[in-house]
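Peer 1: Below is the file data_6.cif, which contains mmCIF, C-alpha atoms.
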data_work
#
loop_
_atom_site.label_atom_id
_atom_site.label_comp_id
_atom_site.auth_asym_id
_atom_site.auth_seq_id
_atom_site.Cartn_x
_atom_site.Cartn_y
_atom_site.Cartn_z
CA MET A 1 19.88 14.35 67.34
CA ASP A 2 18.38 11.89 64.87
CA ILE A 3 17.35 13.32 61.52
CA GLU A 4 13.57 13.17 61.06
CA LEU A 5 13.29 14.68 57.58
CA SER A 6 15.67 14.67 54.63
CA VAL A 7 15.04 17.37 52.02
CA ILE A 8 16.37 16.29 48.63
CA ILE A 9 17.00 19.02 46.04
CA VAL A 10 18.33 18.22 42.58
CA ASN A 11 20.07 21.26 41.17
CA TYR A 12 21.20 22.34 37.75
CA ASN A 13 22.35 25.96 37.47
CA GLY A 14 19.90 27.07 40.16
CA VAL A 15 22.21 29.13 42.36
CA SER A 16 19.89 32.16 42.17
CA PHE A 17 17.13 30.24 43.97
CA PHE A 18 19.09 28.87 46.92
CA ASN A 19 18.80 31.71 49.43
CA LYS A 20 15.02 32.03 49.42
CA CYS A 21 14.44 28.29 49.16
CA PHE A 22 16.69 27.47 52.13
CA GLU A 23 15.37 30.36 54.20
CA SER A 24 11.81 29.12 53.68
CA LEU A 25 12.82 25.62 54.75
CA LYS A 26 14.45 26.93 57.91
CA ASP A 27 11.37 29.01 58.75
CA ASN A 28 8.87 26.26 58.06
CA LEU A 29 10.68 23.25 59.53
CA SER A 30 11.23 24.70 63.00
CA GLY A 31 10.94 22.02 65.67
CA ILE A 32 11.79 19.29 63.15
CA SER A 33 15.30 17.87 62.88
CA PHE A 34 16.13 17.96 59.18
CA GLU A 35 18.94 17.86 56.70
CA ILE A 36 19.20 19.31 53.22
CA ILE A 37 20.87 17.23 50.54
CA VAL A 38 21.62 18.96 47.25
CA VAL A 39 22.56 16.76 44.30
CA ASP A 40 24.22 19.03 41.78
CA ASN A 41 23.98 17.87 38.17
CA ASN A 42 27.31 19.32 37.00
CA SER A 43 26.16 22.96 37.11
CA THR A 44 28.19 25.65 35.36
CA ASP A 45 26.93 28.60 37.45
CA HIS A 46 29.18 28.06 40.49
CA SER A 47 26.33 26.45 42.46
CA CYS A 48 28.71 24.12 44.28
CA ASP A 49 31.14 26.86 45.30
CA PHE A 50 28.24 28.99 46.51
CA LEU A 51 26.87 26.15 48.65
CA ARG A 52 30.26 25.33 50.14
CA THR A 53 30.80 28.98 51.04
CA HIS A 54 27.35 30.11 52.19
CA PHE A 55 25.62 26.88 53.25
CA PRO A 56 28.33 24.54 54.55
CA GLU A 57 25.70 22.65 56.56
CA VAL A 58 24.11 21.41 53.33
CA ASN A 59 25.12 17.92 52.30
CA LEU A 60 26.35 18.57 48.77
CA ILE A 61 26.71 15.71 46.31
CA ALA A 62 28.51 17.12 43.29
CA SER A 63 28.00 14.89 40.28
CA LYS A 64 30.43 15.13 37.38
CA ASP A 65 27.56 14.32 35.04
CA ASN A 66 24.02 15.59 34.55
CA LEU A 67 22.10 12.67 36.01
CA GLY A 68 18.67 14.06 35.24
CA PHE A 69 15.88 14.59 37.75
CA GLY A 70 15.01 11.03 38.74
CA ARG A 71 18.52 9.62 38.97
CA GLY A 72 19.60 12.69 40.92
CA ASN A 73 16.82 12.24 43.45
CA ASN A 74 17.62 8.54 43.79
CA LEU A 75 21.21 9.42 44.63
CA GLY A 76 20.03 11.93 47.22
CA VAL A 77 17.67 9.46 48.87
CA GLU A 78 20.44 6.84 49.01
CA ASN A 79 22.39 9.28 51.19
CA ALA A 80 19.43 10.43 53.30
CA GLN A 81 19.34 9.80 57.05
CA GLY A 82 15.67 10.67 57.66
CA GLU A 83 12.82 8.20 57.64
CA THR A 84 10.78 10.87 55.85
CA ILE A 85 11.82 12.37 52.52
CA LEU A 86 10.83 15.68 50.97
CA LEU A 87 11.62 15.85 47.26
CA LEU A 88 11.72 19.56 46.46
CA ASN A 89 12.59 21.65 43.41
CA ASN A 90 15.24 24.29 43.93
CA ASP A 91 13.01 27.05 42.47
CA THR A 92 10.51 26.90 45.33
CA ILE A 93 9.64 28.89 48.43
CA ILE A 94 7.69 27.10 51.17
CA GLN A 95 4.86 29.27 52.52
CA ASP A 96 3.59 27.27 55.53
CA HIS A 97 5.00 25.12 58.29
CA LEU A 98 5.25 21.54 57.05
CA LEU A 99 4.45 19.67 60.25
CA PRO A 100 0.75 19.28 59.25
CA ALA A 101 1.83 17.67 55.97
CA ILE A 102 4.10 15.23 57.82
CA ARG A 103 1.22 14.39 60.17
CA THR A 104 -1.02 13.75 57.16
CA LEU A 105 1.57 11.35 55.74
CA TYR A 106 1.70 9.29 58.93
CA LYS A 107 -1.95 9.55 59.91
CA ASP A 108 -2.92 6.75 57.50
CA ASP A 109 -0.73 3.78 56.56
CA LYS A 110 -2.32 3.86 53.12
CA THR A 111 -0.99 7.35 52.38
CA GLY A 112 2.11 7.07 50.22
CA ILE A 113 2.76 10.64 49.05
CA VAL A 114 1.59 14.04 50.28
CA ALA A 115 1.70 17.18 48.14
CA ILE A 116 0.63 20.73 48.92
CA ASN A 117 -0.81 23.65 46.97
CA MET A 118 1.40 25.09 44.24
CA LEU A 119 1.42 28.84 43.56
CA ASN A 120 3.19 30.76 40.81
CA ALA A 121 5.51 33.72 41.35
CA ASN A 122 2.45 35.97 41.80
CA LYS A 123 1.00 33.59 44.39
CA LYS A 124 -1.74 32.49 42.04
CA TYR A 125 -2.98 28.90 42.07
CA ILE A 126 -1.44 26.41 39.65
CA SER A 127 -2.67 22.84 39.40
CA ALA A 128 0.05 20.44 40.53
CA ILE A 129 -1.91 17.19 40.31
CA GLY A 130 -3.66 15.18 37.63
CA ARG A 131 -5.25 11.97 36.44
CA PHE A 132 -3.20 8.98 35.39
CA PRO A 133 -2.68 8.79 31.63
CA SER A 134 -4.75 6.45 29.50
CA PRO A 135 -4.07 5.84 25.79
CA PHE A 136 -6.74 8.24 24.53
CA ARG A 137 -6.03 10.94 27.15
CA LEU A 138 -2.61 11.40 25.57
CA LEU A 139 -4.20 13.03 22.55
CA LYS A 140 -4.10 16.25 24.56
CA ILE A 141 -2.12 16.76 27.77
CA SER A 142 -4.95 18.85 29.24
CA PHE A 143 -7.06 15.67 29.23
CA LEU A 144 -4.90 14.58 32.18
CA ASN A 145 -6.17 17.47 34.32
CA ASP A 146 -8.34 16.63 37.28
CA LYS A 147 -11.87 17.64 36.27
CA ARG A 148 -13.10 18.43 39.76
CA LEU A 149 -14.12 22.09 40.08
CA GLU A 150 -11.75 22.73 42.99
CA PHE A 151 -8.75 21.80 40.88
CA LYS A 152 -9.87 24.06 38.06
CA THR A 153 -10.39 27.13 40.24
CA GLY A 154 -8.10 26.57 43.23
CA ASP A 155 -11.05 27.29 45.53
CA PHE A 156 -10.91 24.32 47.90
CA GLY A 157 -13.71 23.37 50.23
CA SER A 158 -11.68 20.72 52.02
CA ASP A 159 -8.12 20.40 53.25
CA LEU A 160 -7.37 16.90 51.92
CA TYR A 161 -8.07 15.23 48.58
CA ASP A 162 -7.13 11.86 47.15
CA VAL A 163 -5.53 12.33 43.73
CA ASP A 164 -3.86 10.16 41.09
CA TRP A 165 -0.50 11.90 40.78
CA VAL A 166 1.28 14.97 42.11
CA SER A 167 4.08 17.13 40.78
CA GLY A 168 7.64 16.15 41.58
CA ALA A 169 8.30 19.77 42.60
CA PHE A 170 7.05 18.82 46.10
CA MET A 171 6.64 15.21 47.22
CA LEU A 172 6.59 14.12 50.86
CA ILE A 173 7.12 10.37 51.16
CA ARG A 174 8.37 7.73 53.58
CA LYS A 175 11.88 6.63 52.67
CA ALA A 176 10.73 3.02 53.07
CA ASP A 177 8.00 3.49 50.45
CA TYR A 178 10.39 5.24 48.07
CA GLU A 179 12.76 2.32 48.35
CA ALA A 180 9.95 -0.24 48.07
CA VAL A 181 9.18 0.97 44.53
CA ASN A 182 12.88 1.52 43.67
CA GLY A 183 12.45 5.29 43.58
CA PHE A 184 12.25 7.13 40.28
CA ASP A 185 12.53 5.08 37.12
CA VAL A 186 15.84 6.10 35.56
CA ASP A 187 14.54 5.57 32.02
CA TYR A 188 13.06 9.07 32.34
CA PHE A 189 15.57 11.92 32.17
CA MET A 190 13.14 14.70 33.03
CA TYR A 191 9.31 14.94 33.16
CA VAL A 192 6.64 12.28 33.79
CA GLU A 193 8.88 10.38 36.21
CA ASP A 194 6.72 11.89 38.95
CA VAL A 195 3.56 10.44 37.38
CA ASP A 196 5.33 7.10 37.07
CA LEU A 197 6.38 7.17 40.75
CA CYS A 198 2.82 7.90 41.86
CA LYS A 199 1.57 5.02 39.73
CA LYS A 200 4.07 2.67 41.35
CA ILE A 201 2.98 3.87 44.79
CA LYS A 202 -0.62 3.09 43.83
CA ASN A 203 0.47 -0.36 42.66
CA ILE A 204 1.67 -1.20 46.18
CA GLY A 205 -1.71 -0.24 47.61
CA LYS A 206 -1.01 3.33 48.67
CA LYS A 207 -2.42 6.70 47.59
CA CYS A 208 -1.40 10.27 46.87
CA VAL A 209 -2.95 12.99 49.02
CA PHE A 210 -3.16 16.67 48.14
CA GLN A 211 -3.22 19.05 51.14
CA ALA A 212 -4.86 22.26 50.00
CA ASN A 213 -4.38 24.38 53.14
CA LEU A 214 -0.58 24.47 52.80
CA SER A 215 1.28 26.02 49.89
CA TYR A 216 4.56 26.75 48.19
CA ILE A 217 5.68 29.05 45.40
CA HIS A 218 7.14 27.43 42.30
CA PHE A 219 8.76 29.57 39.63
CA VAL A 220 7.46 27.60 36.68
CA GLY A 221 8.02 28.61 33.08
CA PHE A 222 7.25 27.49 29.54
CA ASN A 223 9.64 26.46 26.81
CA LYS A 224 9.39 24.35 23.68
CA SER A 225 11.90 21.75 24.83
CA ARG A 226 9.78 21.08 27.93
CA GLU A 227 6.75 20.26 25.78
CA ASN A 228 8.72 17.78 23.72
CA LEU A 229 10.28 16.15 26.78
CA LEU A 230 6.83 15.90 28.34
CA LEU A 231 5.41 14.03 25.37
CA ASN A 232 8.46 11.77 25.17
CA GLY A 233 8.06 11.04 28.87
CA HIS A 234 4.45 10.02 28.36
CA GLU A 235 5.52 7.63 25.62
CA ILE A 236 7.92 5.99 28.08
CA TYR A 237 5.10 5.84 30.63
CA ALA A 238 2.82 4.19 28.07
CA SER A 239 5.46 1.56 27.30
CA LYS A 240 5.66 0.66 30.98
CA HIS A 241 2.06 0.80 32.15
CA PHE A 242 -0.16 0.06 29.13
CA SER A 243 -0.97 -3.18 27.38
CA LYS A 244 0.58 -3.80 23.96
CA SER A 245 -2.56 -2.55 22.20
CA GLY A 246 -2.84 0.38 24.60
CA TYR A 247 0.75 1.36 23.85
CA ILE A 248 0.08 1.33 20.11
CA ILE A 249 -2.93 3.62 20.59
CA ALA A 250 -0.93 5.87 22.92
CA LYS A 251 1.86 6.27 20.36
CA LYS A 252 -0.70 7.34 17.75
CA MET A 253 -2.24 9.83 20.17
CA ILE A 254 1.17 11.26 21.06
CA SER A 255 2.17 11.51 17.38
CA THR A 256 -1.03 13.44 16.68
CA ASN A 257 -0.38 15.64 19.72
CA LYS A 258 3.14 16.43 18.47
CA PHE A 259 1.88 17.14 14.96
CA VAL A 260 -0.66 19.69 16.20
CA LYS A 261 1.95 21.33 18.47
CA ARG A 262 4.40 21.64 15.57
CA ILE A 263 1.74 23.38 13.48
CA LYS A 264 1.06 25.76 16.37
CA GLY A 265 4.77 26.27 16.91
CA THR A 266 4.71 25.14 20.54
CA ILE A 267 7.39 22.50 20.06
#
Represent the structure from my file as structure tokens, please.

Peer 2:
Amino acid sequence: MDIELSVIIVNYNGVSFFNKCFESLKDNLSGISFEIIVVDNNSTDHSCDFLRTHFPEVNLIASKDNLGFGRGNNLGVENAQGETILLLNNDTIIQDHLLPAIRTLYKDDKTGIVAINMLNANKKYISAIGRFPSPFRLLKISFLNDKRLEFKTGDFGSDLYDVDWVSGAFMLIRKADYEAVNGFDVDYFMYVEDVDLCKKIKNIGKKCVFQANLSYIHFVGFNKSRENLLLNGHEIYASKHFSKSGYIIAKKMISTNKFVKRIKGTI
């Protein structure tokens, strides 16, 4: 049977998440021929041994180096057989059957990426989309939030919304489109490469769509290193997508952002 969907999971020390993540995929991909490809970024928690023992059907690519998020996904997609790709974080649990999301992707040739509703461990709404950065928006990361009421409250009056970018925790995309934009930019190690990918998809005339009536749980957390990586990622983004003057402004905004966060002790 031909593979319709390739699920790409980049893993680093995420063995504790595998069982529930894979079970949710099996439950919510029934009727769809799919494969799971795990790219392991040189984990030290016996992730690879666990997969070989308990999930031998998973296509495991064991890297001897930590490739980062984007490079790891690129490697997974290179080995994917499906014409449709689901980029998925390991710390996720799919809550609904994904066939409607696949239908949304193929319903319109202009749709490049489909994302669904993100929930935290308590099944509370978390925003997983945003506006593209501009130089002045980088003064405060919250300025990148979508200002529409639905995306503030999680109370959606429609099933589908056009958005600028979506979180890399769940991205449904045609393999052909992923390859057309050369996948994730490997200059990013972790964070903001998802925003960059969405921008490149927009640059080829396609859009990101958020499907509010489907959801997944994502075990997100906060740490100081994440905040710093996020700001560094936005500086890389600015260097690639802004004019020279825009990049200079963006660097000043990011420097101010970092200064305030250091005073607050958040980085």

Peer 1: Looking at only C-alpha atoms, which of A:Leu99, A:Leu197, A:Ile217, A:Ile129 is the one that sits closest to Asn28 in chain A?

Peer 2: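 That would be A:Leu99, the residue with the smallest distance to Asn28 in chain A.
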
Peer 1: Find the residues around Glu235 in chain A up to 12 Å (only C-alpha atoms counted), leave out those fewer than 4 positions away in its own chain, and share them as an MDAnalysis selection string.

Peer 2: chainID A and resid 133:135 138:139 187:188 191:193 196 228:231 239:242 246:255 257:258

Peer 1: For this file, the PyMOL selection byres ((chain A and resi 120-128) around 12) selects which residues, as a ChimeraX atom specification?

Peer 2: /A:91-95,114-119,129-131,142,144-156,163-171,194-195,209-212,214-221

Peer 1: Any chance you could export the current selection's C-alpha atoms as a short mmCIF file (atom, residue, chain, number, x, y, z; two decimals), in the frame of the given file?

Peer 2:
data_model
loop_
_atom_site.label_atom_id
_atom_site.label_comp_id
_atom_site.auth_asym_id
_atom_site.auth_seq_id
_atom_site.Cartn_x
_atom_site.Cartn_y
_atom_site.Cartn_z
CA ASP A 91 13.01 27.05 42.47
CA THR A 92 10.51 26.90 45.33
CA ILE A 93 9.64 28.89 48.43
CA ILE A 94 7.69 27.10 51.17
CA GLN A 95 4.86 29.27 52.52
CA VAL A 114 1.59 14.04 50.28
CA ALA A 115 1.70 17.18 48.14
CA ILE A 116 0.63 20.73 48.92
CA ASN A 117 -0.81 23.65 46.97
CA MET A 118 1.40 25.09 44.24
CA LEU A 119 1.42 28.84 43.56
CA ILE A 129 -1.91 17.19 40.31
CA GLY A 130 -3.66 15.18 37.63
CA ARG A 131 -5.25 11.97 36.44
CA SER A 142 -4.95 18.85 29.24
CA LEU A 144 -4.90 14.58 32.18
CA ASN A 145 -6.17 17.47 34.32
CA ASP A 146 -8.34 16.63 37.28
CA LYS A 147 -11.87 17.64 36.27
CA ARG A 148 -13.10 18.43 39.76
CA LEU A 149 -14.12 22.09 40.08
CA GLU A 150 -11.75 22.73 42.99
CA PHE A 151 -8.75 21.80 40.88
CA LYS A 152 -9.87 24.06 38.06
CA THR A 153 -10.39 27.13 40.24
CA GLY A 154 -8.10 26.57 43.23
CA ASP A 155 -11.05 27.29 45.53
CA PHE A 156 -10.91 24.32 47.90
CA VAL A 163 -5.53 12.33 43.73
CA ASP A 164 -3.86 10.16 41.09
CA TRP A 165 -0.50 11.90 40.78
CA VAL A 166 1.28 14.97 42.11
CA SER A 167 4.08 17.13 40.78
CA GLY A 168 7.64 16.15 41.58
CA ALA A 169 8.30 19.77 42.60
CA PHE A 170 7.05 18.82 46.10
CA MET A 171 6.64 15.21 47.22
CA ASP A 194 6.72 11.89 38.95
CA VAL A 195 3.56 10.44 37.38
CA VAL A 209 -2.95 12.99 49.02
CA PHE A 210 -3.16 16.67 48.14
CA GLN A 211 -3.22 19.05 51.14
CA ALA A 212 -4.86 22.26 50.00
CA LEU A 214 -0.58 24.47 52.80
CA SER A 215 1.28 26.02 49.89
CA TYR A 216 4.56 26.75 48.19
CA ILE A 217 5.68 29.05 45.40
CA HIS A 218 7.14 27.43 42.30
CA PHE A 219 8.76 29.57 39.63
CA VAL A 220 7.46 27.60 36.68
CA GLY A 221 8.02 28.61 33.08
#

Peer 1: What's the 8 Å shell around range 70-78 of chain A, counting only C-alpha atoms, without same-chain residues fewer than 5 positions away, as a list in words?

Peer 2: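 Contacts, with the query itself left out: Ile8, Ile9, Val10, Ile37, Val38, Val39, Asp40, Asn41, Ile61, Ile85, Leu87, Lys175, Gly183, Phe184, Asp185, Val186, Tyr188, Phe189, Met190 and Glu193 of chain A.
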
Peer 1: Expanded to explicit residues, what is the PyMOL selection byres ((chain A and resi 110) around 10) for this file, as a VMD selection string?

Peer 2: chain A and resid 105 to 109 111 to 113 201 to 202 204 to 208

Peer 1: From the options A:Ser63, A:Asn79, A:Ser30, A:Thr84, which residue's atoms come nearest to Ile3 in chain A, counting only C-alpha atoms?

Peer 2: A:Thr84

Peer 1: Under the PyMOL selection byres ((chain A and resi 47) around 9), which residues of this model are included? Write them out as a list in words.

Peer 2: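 When the PyMOL selection byres ((chain A and resi 47) around 9) is applied, the selected residues are Asn11, Tyr12, Asn13, Gly14, Val15, Ser16, Phe18, Asp40, Ser43, Thr44, Asp45, His46, Cys48, Asp49, Phe50, Leu51 and Arg52 of chain A.
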
Peer 1: Grab the CA of Leu5 in chain A to CA of Tyr237 in chain A distance for me, in Å with one decimal place.

Peer 2: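 Between these atoms lies a distance of 29.5 Å.
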
Peer 1: What is the distance, in Å and to one decimal place, between CA of Asn213 in chain A and CA of Phe132 in chain A?

Peer 2: 23.5 Å

Peer 1: Could you tell me which of A:Ser225, A:Glu83, A:Tyr161, A:Arg262 comes closest to Glu179 in chain A if we count all atoms listed in the file?

Peer 2: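 For Glu179 in chain A, the nearest of the given residues is A:Glu83.
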
Peer 1: Calculated over all atoms listed in the file, which of the candidates A:His97, A:Arg226, A:Lys64, A:Lys244 has the smallest distance to Thr266 in chain A?

Peer 2: A:Arg226

Peer 1: By how many Å are CA of Ser24 in chain A and CA of Leu172 in chain A apart?

Peer 2: 16.1 Å

Peer 1: Using only C-alpha atoms, which of the listed residues (A:Ile32, A:Met1, A:Ile173, A:Val260) sits closest to Cys198 in chain A?

Peer 2: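 Ranked by minimum distance to Cys198 in chain A, first place goes to A:Ile173.
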
Peer 1: Smallest atom-to-atom distance to Leu29 in chain A: which of A:Leu86, A:Ile263, A:Leu160, A:Ala180, using all atoms listed in the file?

Peer 2: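 Residue with the minimum atom-to-atom distance to Leu29 in chain A: A:Leu86.
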